[in-house]
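Here's the structure, in structure tokens; my notes come after.
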Amino acid sequence: DAEIQTVLGQFLAPDFPLSENQRRSLLVALGTGLRTRGKTMLSALSPMQRPVFDTLCDSAISQASQDGVYKPAIALLSFAPKEKAVPALAALLKPQAMPQLQQAVIAALGDLPGSEGALAALGKWRELSPEMRRSTVEILLRDRGRVDGLLSAIDTDAVKQSELSPEQWQSLLGHPELSVRERASALRGLVSKDREAVIAQYRETAESGGDIERGRLVFKKTCSVCHKIGDRKSVV
């Protein structure tokens with residue numbers, strides 16, 4: 001569109017009176033608007049504008065972990081070419097990085113088109129905290145190709161079944177595509193079978209009755225430090 005070209009021309013003009021960080025923020029806002037219309041930043045750029053945008057992305061990569069500028073820098077990379085954005089963003093997913101930065105990176109990887117970005121976050125699974133893992137699953141649930149990657153990771157035990165929340169499992173079990181529902185049900189069924197095996201292992205002991213006096217002695221020796229039964233000891 002001519003209007004978009006005009007706006008991009010202003011934002012990318014070297015003499016436009018904005019700081020680099022402000023320029024990134026405006027480009028992110030414009031890119032988000034384009035995305036809601038089913039368009040991409042890269043397709044909107046003219047041949048003359050593309051090198052300027054690439055330079056801004058390069059500087060965003062170099063500053064993506066700096067306080068005060070990381071949010072627009074990381075967000076801008078969600079509009080960059082995937083071959084540039086994915087490795088740069090994935091490299092920022094480190095345990096020592098602050099949680100806010102990691103959340104911004106996962107969001108940007110999720111906003112990249114296709115599956116590469118989200119699967120790159122999945123590839124960092126063992127380095128992620130439980131909170132970041134939940135966020136990673138959320139971006140994986142957005143797209144069929146990503147869902148297949150998630151299910152494969154669960155199937156190989158790279159992702160534990162218990163690491164998905166009940167709501168996330170429900171998204172898989174209620175997926176619009178039958179093949180996904182069936183695969184998720186089969187994987188979820190493994191949990192039920194394992195649980196049944198554990199229950200069967202202890203059922204005989206549980207049903208054998210027990211010995212009250214021995215139990216009382218165990219409670220007095222071990223449990224009564226914190227727990228209370230009747231008038232014995234104190235409440236936790």
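In the structure tokens, each chain is lettered A, B, ... as it comes, each chain's residues begin at 1, and ligands are numbered from 1 in order of appearance.
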
Next on the checklist: Give me, as an MDAnalysis selection string, all polymer residues having an atom no more than 12 Å from range 59-73 of chain A, counting only C-alpha atoms and skipping those fewer than 5 positions away in the same chain.
Outcome noted: chainID A and resid 19:29 31 52:54 78:80 84:94 96:108

Checklist entry - as a PyMOL selection string, which residues of range 5-168 of chain A does DSSP assign to alpha helix (DSSP H)? => result chain A and resi 5-12+20-36+41-44+49-63+70-77+82-90+99-111+116-122+130-140+144-155+166-168

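Atom pair CA of Met48 in chain A / CA of Ala75 in chain A has a distance of 22.6 Å (rounded to one decimal).
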
Next on the checklist: Need the shell around Thr6 in chain A: protein/DNA/RNA residues with any atom at most 12 Å away, counting only C-alpha atoms. Skip same-chain ones fewer than 4 positions apart. Format as a PyMOL selection string?
Outcome noted: chain A and resi 1-2+10-13+30+44-46+49

Write a file of the selected residues as a compact mmCIF listing (two decimals), in the first residue's frame, keeping C-alpha atoms.
# COMPACT_ATOMS: atom_id res chain seq x y z
CA ASP A 1 0.00 0.00 0.00
CA ALA A 2 1.16 3.51 -0.80
CA GLN A 10 9.52 8.11 7.29
CA PHE A 11 10.41 5.61 10.01
CA LEU A 12 13.47 4.38 8.13
CA ALA A 13 14.74 7.75 6.93
CA LEU A 30 3.43 -0.99 12.34
CA ALA A 44 5.88 -4.33 2.76
CA LEU A 45 9.47 -3.11 2.52
CA SER A 46 10.69 -1.70 -0.77
CA GLN A 49 14.08 0.14 2.51

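Among the candidate residues A:Ala153, A:Ile4, A:Leu112, A:Ala158, the one lying nearest to Ile139 in chain A is A:Leu112, with distances computed using only C-alpha atoms.
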